[in-house]
Amino acid sequence: MGLRSTYTSVLALASAAVAQNCPLAFDGRIPAGSTPALFDTEASPFGTGFVKGANLTFSEIVKLPTLPTSLFDAAGNTIPFEVTLSDQSIFAPSATNIQTGFRRAELQIDTNNGTDDSTLGVKTLHFSIRKDPARLLNTSHEYQLVFLEDASFSTNQFVLKTGTIAGQPAGQDPDLLVLVGNVNANPVVNLFNTSFTPDVFHNFGITLDFNANTTTVLYSTDSNPLAVINGPVPNDISGQGQYHFGALKKPTGEGIQDVTKEGFQPSGIDEGVIYAGLFMEDSTGGCVSLSGSAAGTAPNSTVGASPPATTTAPAAVNECN
């Protein structure tokens, strides 16, 4: 608990003392001055056990690149982080279930246990994502970069993907960010796609109305405020579950019956995806942050760098004071 208190105190001191508009559900922003060793301790906002290759630690997986400030990181106070994949990124949920078909490295918020409040009510998930030109993904494969996996491990209620994605139109550019709805839907709904351009932060706000079973997508690049670009769209987001941030790389090959254990994965890989400004806010009453940063107190008395100050947004998003 001492380490957790240290982490939250650093974040509280890091940001300007202005009123918080939307209460936090969780905060995954990383204080400036941190090292990868943070991710192996209780001070990390993320769990230390999952999801990663056997015998790897998150301090071996996470890098802290020097980059311009993202939309939701307070300048100089919180920083981006990168999740990397290597040949050792083989996740084994148990001794008899070794996922040799995948390469996986994903962070999960430590308070998000699958039945917590982050999958109840109306919440907006915020994050920015960016390419690492030194650790490019192999777009002949499909990647899951951000997703919600339901508590029964039977579906993903939404997924941000890139690469050569099963079920997408033939010949589609593999260098896209594609946000889809529940993967068990027939057909799976495309919520949004955009070119995964380099040297740019791609900013997402995903408003999840767990009461109405709808999803609203907000998007911008770099320092531009978020704007609604789709929704609310009917999408089955029931089943609670856990959010994943990182890279789940699927295999290639024909006739694959068990994608977790079959197919082709190349060797000698060094790939990565950069994340920044990651947090979730309570959007009850339409409260959604669009830009800026603030300081405040999160639910459950966890103090941290809060979501940005809100402004009036397009349809379906209201200012929250």
# chains A, B, ... in the order shown; residues from 1 in each chain; ligands from 1
>>> closest_atom_pairs(of="range 90-192 of chain A", to="range 272-291 of chain A", cutoff="7 Å", atoms="only C-alpha atoms", output="tab-separated table")
residue	atom	partner	partner_atom	distance
A:Val122	CA	A:Ser283	CA	5.3
A:Lys123	CA	A:Asp282	CA	4.7
A:Thr124	CA	A:Glu281	CA	5.4
A:Leu125	CA	A:Met280	CA	4.4
A:His126	CA	A:Phe279	CA	5.3
A:Phe127	CA	A:Leu278	CA	4.2
A:Ser128	CA	A:Ala276	CA	5.0
A:Ile129	CA	A:Tyr275	CA	4.7
A:Arg130	CA	A:Ile274	CA	5.0
A:Lys131	CA	A:Val273	CA	5.7
A:Asp132	CA	A:Val273	CA	6.2
A:Arg135	CA	A:Gly272	CA	5.1
A:Leu136	CA	A:Gly272	CA	6.5
A:Leu137	CA	A:Gly272	CA	6.8
>>> residues_around(residues="Thr164 in chain A", least_positions_apart="2", cutoff="12 Å", atoms="only C-alpha atoms", output="VMD selection string")
chain A and resid 137 to 144 161 to 162 166 to 178 249 to 253
>>> select_by_dssp(residues="range 28-182 of chain A", states="helix (DSSP H, G or I)", output="ChimeraX atom specification")
/A:36-40,58-61,117-119
>>> write_last_selection(atoms="C-alpha atoms", output="CSV table (one decimal), in the first residue's frame")
chain,number,residue,atom,x,y,z
A,36,PRO,CA,10.2,0.4,-16.6
A,37,ALA,CA,10.8,-1.1,-13.1
A,38,LEU,CA,7.6,0.7,-12.0
A,39,PHE,CA,5.6,-1.9,-14.0
A,40,ASP,CA,6.9,-4.7,-11.7
A,58,PHE,CA,6.8,-6.1,-17.5
A,59,SER,CA,10.0,-4.1,-16.9
A,60,GLU,CA,11.5,-6.2,-19.8
A,61,ILE,CA,8.5,-5.6,-22.0
A,117,ASP,CA,-17.6,-0.6,-11.8
A,118,SER,CA,-15.5,0.2,-14.9
A,119,THR,CA,-18.0,-2.0,-16.8
>>> closest_atom_pairs(of="range 26-102 of chain A", to="range 185-202 of chain A", cutoff="12 Å", atoms="only C-alpha atoms", output="CSV")
residue,atom,partner,partner_atom,distance
A:Leu67,CA,A:Asp199,CA,9.5
A:Pro68,CA,A:Phe201,CA,9.1
A:Thr69,CA,A:Phe201,CA,9.2
A:Ser70,CA,A:Phe201,CA,6.6
A:Leu71,CA,A:Phe201,CA,8.1
A:Phe72,CA,A:Phe201,CA,10.6
A:Asp73,CA,A:Phe201,CA,11.6
A:Pro80,CA,A:Phe201,CA,10.3
>>> residues_around(residues="range 238-243 of chain A", least_positions_apart="4", cutoff="10 Å", atoms="only C-alpha atoms", output="count of residues only")
37
>>> select_by_dssp(residues="range 150-185 of chain A", states="strand (DSSP E or B)", output="ChimeraX atom specification")
/A:156-163,176-180
>>> residues_around(residues="Ser86 in chain A", least_positions_apart="6", cutoff="10 Å", atoms="only C-alpha atoms", output="count of residues only")
11
>>> atom_distance(atom1="CA of Thr216 in chain A", atom2="CA of Ala247 in chain A")
23.1 Å
>>> atom_distance(atom1="CA of Ile256 in chain A", atom2="CA of Val183 in chain A")
18.0 Å
>>> closest_residue(among="A:Pro93, A:Thr35, A:Gly28, A:Glu82", to="Gly47 in chain A", atoms="only C-alpha atoms")
A:Gly28
